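Below you'll find the structure, written out as structure tokens, and then a few comments.
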Amino acid sequence: HLFDVVCASLGCMALPVLMNIKQVIEQRQCSGVWTHKDELPIEIDLGKKCWYHSVFACPILRQQTSESNPPMKLICGHVISRDALNKLTNAGKLKCPYCPMEQNPSHAKQIYF
């Protein structure tokens with residue numbers, strides 16, 4: 001999976017920085033620096049090629065996706081929200097709004113950013 005490869009690659013890039021900050025925190029006894037489980041005490045620059053947009057707005061409905069309306073990848077590779085997928089479905093068929101491919105809406109896969 002490409003996502004797994006990207007995550008592993010970014011982890012390898014960040015690991016030396018994380019090891020350095022861990023050593024500094026231990027040496028200076030700065031135990032209060034890292035107060036939240038889900039965030040780092042520093043920002044790690046991974047370069048512009050690693051910038052990702054973690055929010056997806058459906059190009060059809062122009063709404064931000066959410067847990068109740070997640071982004072869905074169509075067989076053709078285009079991504080729309082679940083609400084858009086449901087609105088575009090007609091008689092059990094879905095024609096992609098970006099290309100001529102007709103498909104079964106149940107074949108769309110939820111994706112995660």
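Letters A, B, ... go to the chains of the structure tokens in the order shown; residues in each chain start at 1; ligands are counted from 1 in the same order.
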### Message
Considering only strand (DSSP E) as DSSP defines it on the backbone, what residues of chain A qualify? List them as a PyMOL selection string.
### Response
chain A and resi 71-73+79-81+89-90+93-95+102-103+109-110
Take the residues from that selection and put them in a file with N, CA and C atoms, as a PDB file, in the first residue's frame.
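Generated file (again-v9.pdb):
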```
ATOM      1  N   PRO A  71     -15.103  11.038   2.591  1.00  0.00           N
ATOM      2  CA  PRO A  71     -14.733  11.003   1.181  1.00  0.00           C
ATOM      3  C   PRO A  71     -14.779   9.568   0.663  1.00  0.00           C
ATOM      4  N   MET A  72     -15.267   9.418  -0.561  1.00  0.00           N
ATOM      5  CA  MET A  72     -15.409   8.100  -1.184  1.00  0.00           C
ATOM      6  C   MET A  72     -14.666   8.096  -2.515  1.00  0.00           C
ATOM      7  N   LYS A  73     -13.813   7.084  -2.707  1.00  0.00           N
ATOM      8  CA  LYS A  73     -13.062   6.952  -3.959  1.00  0.00           C
ATOM      9  C   LYS A  73     -13.860   6.067  -4.906  1.00  0.00           C
ATOM     10  N   VAL A  79     -12.637  11.276  -6.378  1.00  0.00           N
ATOM     11  CA  VAL A  79     -13.110  11.257  -4.986  1.00  0.00           C
ATOM     12  C   VAL A  79     -14.209  12.299  -4.805  1.00  0.00           C
ATOM     13  N   ILE A  80     -15.311  11.854  -4.209  1.00  0.00           N
ATOM     14  CA  ILE A  80     -16.429  12.733  -3.871  1.00  0.00           C
ATOM     15  C   ILE A  80     -16.922  12.347  -2.479  1.00  0.00           C
ATOM     16  N   SER A  81     -17.790  13.154  -1.903  1.00  0.00           N
ATOM     17  CA  SER A  81     -18.316  12.824  -0.584  1.00  0.00           C
ATOM     18  C   SER A  81     -19.413  11.763  -0.696  1.00  0.00           C
ATOM     19  N   THR A  89     -26.468   8.993  -7.469  1.00  0.00           N
ATOM     20  CA  THR A  89     -26.890   7.627  -7.780  1.00  0.00           C
ATOM     21  C   THR A  89     -28.315   7.650  -8.326  1.00  0.00           C
ATOM     22  N   ASN A  90     -28.491   6.979  -9.456  1.00  0.00           N
ATOM     23  CA  ASN A  90     -29.804   6.920 -10.098  1.00  0.00           C
ATOM     24  C   ASN A  90     -30.055   5.492 -10.561  1.00  0.00           C
ATOM     25  N   LYS A  93     -27.161   3.025 -10.302  1.00  0.00           N
ATOM     26  CA  LYS A  93     -25.971   3.314 -11.113  1.00  0.00           C
ATOM     27  C   LYS A  93     -25.458   4.702 -10.768  1.00  0.00           C
ATOM     28  N   LEU A  94     -24.166   4.881 -10.943  1.00  0.00           N
ATOM     29  CA  LEU A  94     -23.537   6.171 -10.690  1.00  0.00           C
ATOM     30  C   LEU A  94     -22.637   6.497 -11.866  1.00  0.00           C
ATOM     31  N   LYS A  95     -22.848   7.668 -12.465  1.00  0.00           N
ATOM     32  CA  LYS A  95     -21.943   8.137 -13.504  1.00  0.00           C
ATOM     33  C   LYS A  95     -21.026   9.159 -12.850  1.00  0.00           C
ATOM     34  N   GLU A 102     -19.356   4.781 -15.878  1.00  0.00           N
ATOM     35  CA  GLU A 102     -20.550   4.438 -15.108  1.00  0.00           C
ATOM     36  C   GLU A 102     -20.190   3.272 -14.205  1.00  0.00           C
ATOM     37  N   GLN A 103     -20.661   3.315 -12.975  1.00  0.00           N
ATOM     38  CA  GLN A 103     -20.261   2.304 -12.010  1.00  0.00           C
ATOM     39  C   GLN A 103     -21.346   2.050 -10.992  1.00  0.00           C
ATOM     40  N   LYS A 109     -15.136   3.157  -2.354  1.00  0.00           N
ATOM     41  CA  LYS A 109     -14.439   2.848  -1.109  1.00  0.00           C
ATOM     42  C   LYS A 109     -14.203   4.105  -0.290  1.00  0.00           C
ATOM     43  N   GLN A 110     -14.455   4.022   1.003  1.00  0.00           N
ATOM     44  CA  GLN A 110     -14.171   5.148   1.882  1.00  0.00           C
ATOM     45  C   GLN A 110     -12.662   5.301   1.993  1.00  0.00           C
TER      46      GLN A 110
END
```
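Comparing the minimum interatomic distances between Gly11 of chain A and each of A:Cys50, A:Ile60, A:Ala108, A:Cys96, counting only C-alpha atoms, we find that A:Cys50 sits nearest.
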### Message
as a PyMOL selection string, please: every residue in segment 1-111 of chain A that a backbone DSSP assignment puts in alpha helix (DSSP H).
### Response
chain A and resi 2-28+82-88
### Message
Restricting the calculation to only C-alpha atoms: of A:Ile111, A:Leu2, A:Leu85, A:Cys99, which residue gets closest to Phe56 of chain A?
### Response
A:Ile111
